[in-house]
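Participant: Got a structure for you, written out below as structure tokens; questions coming shortly.
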Amino acid sequence: TMLNVLKTLRLVIKWQCRNDKTVYNADLTADLEYPRIDPDEDKARKGRALTVDEINKLLEALPFKWHPLIQIMTLTGLRIGEALAMQWKYYHKDTDGAGYYEVERQLNHNKDLVAPKTDGSRAKVRLGPKAIAILDNHRSLQVKLRLKYPGWLDHDDQLIFPTVPTFTDSSQTALSRYQPHKLGQPQDHTGVRNHIHLAATNAGLGTIRPHDFRHTHASMLIAKGANIKAVSHRLRHTSIQTTLNIYGHLYPDDQQAVADIADQVFKFEQKSSD
């Protein structure tokens, strides 16, 4: 972006002055102004809410091994680092068929499992029957792969979405020429982003980032009538204000409806002046 270009140019000038033992003159870059970002454009940069059709088209363009990850992120609103750090020991099923996942770790860009983003991010995320079915099916397929291809590194604390064997067919029988260096390692953020970006481009969907699945989840909740407190709790934001700042514009602002509600509650009778 232009902003990055200007920052880089300033660093180059400073570096050249230091190597030439010349005093850096700030006037050299005084006329270089950082581009202003329109408020509406800035709002768009925060995320993109995908439609059901767009999610399905993206899944069609991705190899099957990516489907459970995308589906779980969309159904839960987990951040990419939280999803890649998911471990089976934090997955729990209730006796009634429901369940939840305990967010206790996130994966940083060095592929280390660390504490979640905030204290509030460490919480139980409830799972619906569809998410339960996806995870159970994913687990059964993963068990078969672990038995067939030994040597996974996460045998003590098994990851839900680690590096796995790569196949050229959906039946997972023909191994690809390109395999991960080791099985059972945490996946790289950049690699996941690149696969999603490539699939989205090939499907004609434009730019899709992993964080967009979180925005999709939140936008869907709001569209279906979830109140701001429930959405904030689901996303594990530090405060409701954070949720309002990001998603407040999605809530309807029908002032006439509000006035009508007040009229219905407070039915004041008006006496005639006669």
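Numbering starts fresh at 1 for the residues of each chain in the structure tokens, the chains themselves are lettered A, B, ... in the order given, and ligands are numbered from 1 as they appear.
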DSSP says helix (DSSP H, G or I) for which residues of range 42-242 of chain A? Put them as a PyMOL selection string?
Facilitator: chain A and resi 42-45+52-61+64-76+80-84+88-90+119-121+129-148+189-202+211-223+228-235+240-242
Participant: Show me, as a list in words, the residues that have an atom within 12 Å of range 59-61 of chain A when counting only C-alpha atoms, minus same-chain residues fewer than 4 positions from it.
Facilitator: Val52, Asp53, Glu54, Ile55, Lys65, Trp66, His67, Pro68, Leu69, Ile70, Gln71, Thr74, Ser170, His195, Ile196, His197, Leu198, Ala199, Ala200, Thr201, Asn202, Ala203, Gly204 and Leu205 of chain A
Participant: Save the residues we just selected, N, CA, C and O atoms, as a CSV table (one decimal), in the first residue's frame?
Facilitator:
```csv
chain,number,residue,atom,x,y,z
A,52,VAL,N,-24.0,-17.1,2.6
A,52,VAL,CA,-23.9,-18.6,2.6
A,52,VAL,C,-23.4,-19.1,1.3
A,52,VAL,O,-22.6,-20.1,1.2
A,53,ASP,N,-23.9,-18.5,0.2
A,53,ASP,CA,-23.5,-18.9,-1.1
A,53,ASP,C,-21.9,-18.7,-1.3
A,53,ASP,O,-21.3,-19.6,-1.9
A,54,GLU,N,-21.4,-17.6,-0.8
A,54,GLU,CA,-20.0,-17.4,-0.9
A,54,GLU,C,-19.1,-18.4,-0.1
A,54,GLU,O,-18.1,-18.9,-0.6
A,55,ILE,N,-19.6,-18.7,1.1
A,55,ILE,CA,-19.0,-19.8,1.9
A,55,ILE,C,-18.9,-21.1,1.1
A,55,ILE,O,-17.9,-21.8,1.1
A,65,LYS,N,-9.5,-31.2,2.9
A,65,LYS,CA,-8.9,-31.2,4.2
A,65,LYS,C,-9.1,-29.8,4.9
A,65,LYS,O,-8.9,-29.7,6.1
A,66,TRP,N,-9.4,-28.8,4.1
A,66,TRP,CA,-9.6,-27.4,4.7
A,66,TRP,C,-11.0,-27.2,5.1
A,66,TRP,O,-11.3,-26.3,5.9
A,67,HIS,N,-11.9,-28.1,4.7
A,67,HIS,CA,-13.4,-27.8,5.0
A,67,HIS,C,-13.7,-27.8,6.5
A,67,HIS,O,-14.3,-26.8,7.0
A,68,PRO,N,-13.2,-28.7,7.3
A,68,PRO,CA,-13.6,-28.7,8.8
A,68,PRO,C,-13.1,-27.4,9.4
A,68,PRO,O,-13.8,-26.8,10.3
A,69,LEU,N,-11.9,-26.9,9.1
A,69,LEU,CA,-11.4,-25.7,9.7
A,69,LEU,C,-12.3,-24.5,9.4
A,69,LEU,O,-12.6,-23.7,10.3
A,70,ILE,N,-12.6,-24.3,8.1
A,70,ILE,CA,-13.4,-23.2,7.6
A,70,ILE,C,-14.8,-23.3,8.3
A,70,ILE,O,-15.4,-22.3,8.7
A,71,GLN,N,-15.4,-24.5,8.3
A,71,GLN,CA,-16.7,-24.7,8.8
A,71,GLN,C,-16.8,-24.4,10.3
A,71,GLN,O,-17.7,-23.7,10.8
A,74,THR,N,-16.5,-20.6,11.0
A,74,THR,CA,-17.7,-19.9,10.6
A,74,THR,C,-18.8,-20.2,11.6
A,74,THR,O,-19.6,-19.3,12.0
A,170,SER,N,-10.3,-36.8,-3.2
A,170,SER,CA,-11.2,-36.6,-2.1
A,170,SER,C,-11.3,-37.9,-1.2
A,170,SER,O,-11.6,-37.8,0.0
A,195,HIS,N,-3.7,-20.4,1.1
A,195,HIS,CA,-4.7,-21.3,0.6
A,195,HIS,C,-6.1,-20.7,0.4
A,195,HIS,O,-6.7,-20.9,-0.6
A,196,ILE,N,-6.5,-20.0,1.4
A,196,ILE,CA,-7.8,-19.4,1.4
A,196,ILE,C,-7.9,-18.3,0.3
A,196,ILE,O,-8.8,-18.2,-0.5
A,197,HIS,N,-6.8,-17.5,0.2
A,197,HIS,CA,-6.7,-16.5,-0.8
A,197,HIS,C,-6.8,-17.0,-2.2
A,197,HIS,O,-7.5,-16.5,-3.1
A,198,LEU,N,-6.0,-18.1,-2.4
A,198,LEU,CA,-5.9,-18.7,-3.8
A,198,LEU,C,-7.3,-19.3,-4.2
A,198,LEU,O,-7.7,-19.1,-5.3
A,199,ALA,N,-7.9,-20.0,-3.2
A,199,ALA,CA,-9.2,-20.6,-3.5
A,199,ALA,C,-10.3,-19.5,-3.8
A,199,ALA,O,-11.1,-19.7,-4.7
A,200,ALA,N,-10.2,-18.4,-3.0
A,200,ALA,CA,-11.2,-17.4,-3.2
A,200,ALA,C,-11.0,-16.7,-4.5
A,200,ALA,O,-12.0,-16.4,-5.2
A,201,THR,N,-9.8,-16.5,-4.9
A,201,THR,CA,-9.5,-15.9,-6.2
A,201,THR,C,-9.9,-16.8,-7.4
A,201,THR,O,-10.5,-16.3,-8.3
A,202,ASN,N,-9.6,-18.0,-7.3
A,202,ASN,CA,-10.0,-19.0,-8.3
A,202,ASN,C,-11.6,-19.1,-8.4
A,202,ASN,O,-12.1,-19.3,-9.5
A,203,ALA,N,-12.3,-18.9,-7.3
A,203,ALA,CA,-13.7,-19.0,-7.3
A,203,ALA,C,-14.4,-17.6,-7.7
A,203,ALA,O,-15.6,-17.5,-7.7
A,204,GLY,N,-13.6,-16.6,-7.9
A,204,GLY,CA,-14.1,-15.3,-8.3
A,204,GLY,C,-14.8,-14.6,-7.1
A,204,GLY,O,-15.7,-13.8,-7.3
A,205,LEU,N,-14.3,-14.8,-5.9
A,205,LEU,CA,-14.9,-14.3,-4.7
A,205,LEU,C,-14.1,-13.1,-4.2
A,205,LEU,O,-14.5,-12.5,-3.1
```
Participant: From the set A:Ala115, A:Ile222, A:His211, A:Arg146, which residue has the shortest atom-to-atom contact distance to Thr243 in chain A, counting only C-alpha atoms?
Facilitator: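 Under the stated criterion, the closest residue is A:Ile222.
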Participant: Quick one: residues within 7 Å of range 161-163 of chain A, only C-alpha atoms counted, chain neighbours fewer than 5 positions away excluded, as a list in words?
Facilitator: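 Everything that qualifies: Leu69, Leu84, Met86, Pro180, Leu183, Gly184, Gln185, Pro186 and Gln187 of chain A.
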Participant: For each of A:Leu127, A:Ile80, A:Val164, A:Leu62, take the minimum atom-to-atom distance to His109 in chain A, counting only C-alpha atoms, then give the residue where this is smallest.
Facilitator: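 Once distances to His109 in chain A are computed over only C-alpha atoms, the minimum belongs to A:Ile80.
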Participant: Find the spatial neighbours of Gln87 in chain A, counting only C-alpha atoms, within a cut-off of 9 Å - ignore same-chain residues fewer than 6 positions away - and output them as a VMD selection string.
Facilitator: chain A and resid 105 157 to 161
Participant: Ranking A:Lys57, A:Ser121, A:Gln179, A:Ile132 by minimum distance to His92 in chain A and counting only C-alpha atoms, which one comes first?
Facilitator: A:Ile132
Participant: Residues near Pro116 in chain A, anyone? I mean within 10 Å using only C-alpha atoms, not counting same-chain ones fewer than 2 positions away, as a PyMOL selection string.
Facilitator: chain A and resi 79+81-82+85+103-108+113-114+118-123
Participant: Could you write out that same residue set with N, CA and C atoms as a compact mmCIF listing (two decimals), in the first residue's frame?
Facilitator:
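Full text of selection.txt as output:
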```txt
# COMPACT_ATOMS: atom_id res chain seq x y z
N ARG A 79 -11.09 -17.00 16.33
CA ARG A 79 -10.02 -16.36 15.57
C ARG A 79 -9.14 -17.44 14.96
N GLY A 81 -5.93 -17.88 15.01
CA GLY A 81 -4.94 -18.41 15.95
C GLY A 81 -5.55 -19.37 16.95
N GLU A 82 -6.80 -19.08 17.37
CA GLU A 82 -7.50 -19.95 18.31
C GLU A 82 -7.90 -21.26 17.65
N ALA A 85 -4.96 -23.57 17.14
CA ALA A 85 -4.44 -24.09 18.41
C ALA A 85 -5.40 -25.08 19.07
N VAL A 103 -11.58 -22.51 25.02
CA VAL A 103 -10.47 -21.77 24.41
C VAL A 103 -9.42 -21.51 25.48
N GLU A 104 -8.32 -22.22 25.40
CA GLU A 104 -7.24 -22.11 26.38
C GLU A 104 -5.91 -21.71 25.75
N ARG A 105 -5.84 -21.82 24.43
CA ARG A 105 -4.59 -21.52 23.73
C ARG A 105 -4.89 -20.79 22.42
N GLN A 106 -3.88 -20.06 21.95
CA GLN A 106 -3.90 -19.55 20.59
C GLN A 106 -2.52 -19.78 19.99
N LEU A 107 -2.47 -19.85 18.68
CA LEU A 107 -1.21 -20.09 17.97
C LEU A 107 -0.68 -18.76 17.47
N ASN A 108 0.56 -18.40 17.89
CA ASN A 108 1.11 -17.15 17.40
C ASN A 108 1.82 -17.39 16.07
N LEU A 113 2.16 -22.31 20.95
CA LEU A 113 0.87 -22.28 21.64
C LEU A 113 1.01 -21.38 22.87
N VAL A 114 0.29 -20.26 22.86
CA VAL A 114 0.40 -19.28 23.93
C VAL A 114 -0.99 -18.97 24.49
N THR A 118 -6.86 -12.14 25.17
CA THR A 118 -7.20 -11.44 26.41
C THR A 118 -7.70 -12.46 27.42
N ASP A 119 -7.84 -12.02 28.67
CA ASP A 119 -8.40 -12.91 29.69
C ASP A 119 -9.82 -13.32 29.32
N GLY A 120 -10.55 -12.39 28.71
CA GLY A 120 -11.92 -12.69 28.30
C GLY A 120 -12.00 -13.68 27.16
N SER A 121 -10.92 -13.80 26.40
CA SER A 121 -10.91 -14.74 25.27
C SER A 121 -10.85 -16.18 25.76
N ARG A 122 -10.35 -16.38 26.98
CA ARG A 122 -10.30 -17.73 27.55
C ARG A 122 -11.69 -18.05 28.10
N ALA A 123 -12.45 -18.83 27.35
CA ALA A 123 -13.84 -19.11 27.73
C ALA A 123 -14.34 -20.35 27.02
```
Participant: Quick one: everything within 12 Å of Ser239 in chain A, counting only C-alpha atoms, minus sequence neighbours fewer than 3 positions away in the same chain. Send it as a list in words.
Facilitator: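 Neighbouring residues, sequence-local ones excluded: Thr118, Asp119, Gly120, Ser121, Ile228, Lys229, Ala230, Val231, Ser232, His233, Arg234, Leu235, Arg236, Thr242, Thr243, Leu244, Asn245 and Ile246 of chain A.
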Participant: Could those residues be written to a file, using C-alpha atoms, as a PDB file, in the first residue's frame?
Facilitator:
```pdb
ATOM      1  CA  THR A 118      -7.198 -11.443  26.408  1.00  0.00           C
ATOM      2  CA  ASP A 119      -8.403 -12.906  29.691  1.00  0.00           C
ATOM      3  CA  GLY A 120     -11.918 -12.694  28.305  1.00  0.00           C
ATOM      4  CA  SER A 121     -10.907 -14.743  25.274  1.00  0.00           C
ATOM      5  CA  ILE A 228     -25.632  -7.108  21.410  1.00  0.00           C
ATOM      6  CA  LYS A 229     -24.825  -8.671  24.799  1.00  0.00           C
ATOM      7  CA  ALA A 230     -25.153 -12.203  23.429  1.00  0.00           C
ATOM      8  CA  VAL A 231     -23.018 -11.362  20.378  1.00  0.00           C
ATOM      9  CA  SER A 232     -20.341  -9.736  22.553  1.00  0.00           C
ATOM     10  CA  HIS A 233     -20.266 -12.762  24.855  1.00  0.00           C
ATOM     11  CA  ARG A 234     -20.061 -15.131  21.898  1.00  0.00           C
ATOM     12  CA  LEU A 235     -17.105 -13.252  20.389  1.00  0.00           C
ATOM     13  CA  ARG A 236     -15.511 -12.954  23.857  1.00  0.00           C
ATOM     14  CA  THR A 242     -15.930  -3.162  21.452  1.00  0.00           C
ATOM     15  CA  THR A 243     -18.743  -5.121  19.816  1.00  0.00           C
ATOM     16  CA  LEU A 244     -20.764  -1.938  19.233  1.00  0.00           C
ATOM     17  CA  ASN A 245     -17.787  -0.190  17.646  1.00  0.00           C
ATOM     18  CA  ILE A 246     -17.335  -3.005  15.147  1.00  0.00           C
TER      19      ILE A 246
END
```
Participant: Assign secondary structure with DSSP using the backbone only, and return the residues of range 5-244 of chain A in strand (DSSP E) as a PyMOL selection string.
Facilitator: chain A and resi 91-93+99-102+106-107+113-114+124-127
Participant: Output N, CA, C and O atoms of each residue in that selection to a file, as a PDB file, in the first residue's frame.
Facilitator:
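As a result, again.pdb now contains:
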```pdb
ATOM      1  N   TYR A  91     -12.100 -30.271  23.869  1.00  0.00           N
ATOM      2  CA  TYR A  91     -13.395 -30.481  23.208  1.00  0.00           C
ATOM      3  C   TYR A  91     -14.250 -31.380  24.089  1.00  0.00           C
ATOM      4  O   TYR A  91     -13.839 -32.475  24.458  1.00  0.00           O
ATOM      5  N   HIS A  92     -15.457 -30.915  24.424  1.00  0.00           N
ATOM      6  CA  HIS A  92     -16.313 -31.660  25.338  1.00  0.00           C
ATOM      7  C   HIS A  92     -17.724 -31.814  24.761  1.00  0.00           C
ATOM      8  O   HIS A  92     -18.266 -30.882  24.156  1.00  0.00           O
ATOM      9  N   LYS A  93     -18.297 -32.994  24.991  1.00  0.00           N
ATOM     10  CA  LYS A  93     -19.667 -33.260  24.553  1.00  0.00           C
ATOM     11  C   LYS A  93     -20.547 -33.516  25.769  1.00  0.00           C
ATOM     12  O   LYS A  93     -20.164 -34.237  26.690  1.00  0.00           O
ATOM     13  N   GLY A  99     -22.498 -29.555  23.122  1.00  0.00           N
ATOM     14  CA  GLY A  99     -21.122 -29.578  23.591  1.00  0.00           C
ATOM     15  C   GLY A  99     -20.508 -28.199  23.608  1.00  0.00           C
ATOM     16  O   GLY A  99     -21.180 -27.194  23.332  1.00  0.00           O
ATOM     17  N   TYR A 100     -19.230 -28.148  23.907  1.00  0.00           N
ATOM     18  CA  TYR A 100     -18.534 -26.859  23.945  1.00  0.00           C
ATOM     19  C   TYR A 100     -17.042 -27.087  23.756  1.00  0.00           C
ATOM     20  O   TYR A 100     -16.525 -28.202  23.905  1.00  0.00           O
ATOM     21  N   TYR A 101     -16.372 -26.007  23.410  1.00  0.00           N
ATOM     22  CA  TYR A 101     -14.919 -26.036  23.293  1.00  0.00           C
ATOM     23  C   TYR A 101     -14.343 -24.985  24.235  1.00  0.00           C
ATOM     24  O   TYR A 101     -14.798 -23.843  24.263  1.00  0.00           O
ATOM     25  N   GLU A 102     -13.333 -25.388  25.014  1.00  0.00           N
ATOM     26  CA  GLU A 102     -12.668 -24.468  25.925  1.00  0.00           C
ATOM     27  C   GLU A 102     -11.492 -23.798  25.211  1.00  0.00           C
ATOM     28  O   GLU A 102     -10.529 -24.473  24.838  1.00  0.00           O
ATOM     29  N   GLN A 106      -3.882 -20.063  21.948  1.00  0.00           N
ATOM     30  CA  GLN A 106      -3.900 -19.553  20.586  1.00  0.00           C
ATOM     31  C   GLN A 106      -2.522 -19.779  19.985  1.00  0.00           C
ATOM     32  O   GLN A 106      -1.528 -19.908  20.717  1.00  0.00           O
ATOM     33  N   LEU A 107      -2.471 -19.853  18.676  1.00  0.00           N
ATOM     34  CA  LEU A 107      -1.211 -20.090  17.973  1.00  0.00           C
ATOM     35  C   LEU A 107      -0.679 -18.756  17.472  1.00  0.00           C
ATOM     36  O   LEU A 107      -1.372 -18.050  16.732  1.00  0.00           O
ATOM     37  N   LEU A 113       2.157 -22.313  20.954  1.00  0.00           N
ATOM     38  CA  LEU A 113       0.875 -22.276  21.637  1.00  0.00           C
ATOM     39  C   LEU A 113       1.012 -21.384  22.868  1.00  0.00           C
ATOM     40  O   LEU A 113       1.760 -21.705  23.790  1.00  0.00           O
ATOM     41  N   VAL A 114       0.285 -20.265  22.856  1.00  0.00           N
ATOM     42  CA  VAL A 114       0.399 -19.285  23.935  1.00  0.00           C
ATOM     43  C   VAL A 114      -0.990 -18.975  24.493  1.00  0.00           C
ATOM     44  O   VAL A 114      -2.004 -19.484  24.014  1.00  0.00           O
ATOM     45  N   LYS A 124     -15.521 -20.803  27.428  1.00  0.00           N
ATOM     46  CA  LYS A 124     -16.174 -21.933  26.775  1.00  0.00           C
ATOM     47  C   LYS A 124     -17.026 -21.417  25.618  1.00  0.00           C
ATOM     48  O   LYS A 124     -17.832 -20.507  25.795  1.00  0.00           O
ATOM     49  N   VAL A 125     -16.830 -22.005  24.462  1.00  0.00           N
ATOM     50  CA  VAL A 125     -17.625 -21.653  23.287  1.00  0.00           C
ATOM     51  C   VAL A 125     -18.600 -22.795  23.027  1.00  0.00           C
ATOM     52  O   VAL A 125     -18.170 -23.918  22.730  1.00  0.00           O
ATOM     53  N   ARG A 126     -19.872 -22.511  23.162  1.00  0.00           N
ATOM     54  CA  ARG A 126     -20.872 -23.551  22.960  1.00  0.00           C
ATOM     55  C   ARG A 126     -20.914 -23.984  21.487  1.00  0.00           C
ATOM     56  O   ARG A 126     -20.711 -23.177  20.575  1.00  0.00           O
ATOM     57  N   LEU A 127     -21.181 -25.287  21.288  1.00  0.00           N
ATOM     58  CA  LEU A 127     -21.226 -25.870  19.943  1.00  0.00           C
ATOM     59  C   LEU A 127     -22.613 -26.426  19.666  1.00  0.00           C
ATOM     60  O   LEU A 127     -23.201 -27.087  20.519  1.00  0.00           O
TER      61      LEU A 127
END
```
Participant: Please indicate the distance in Å from CA of Asn137 in chain A to CA of Arg177 in chain A, rounded to one decimal place.
Facilitator: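 A separation of 26.0 Å between them.
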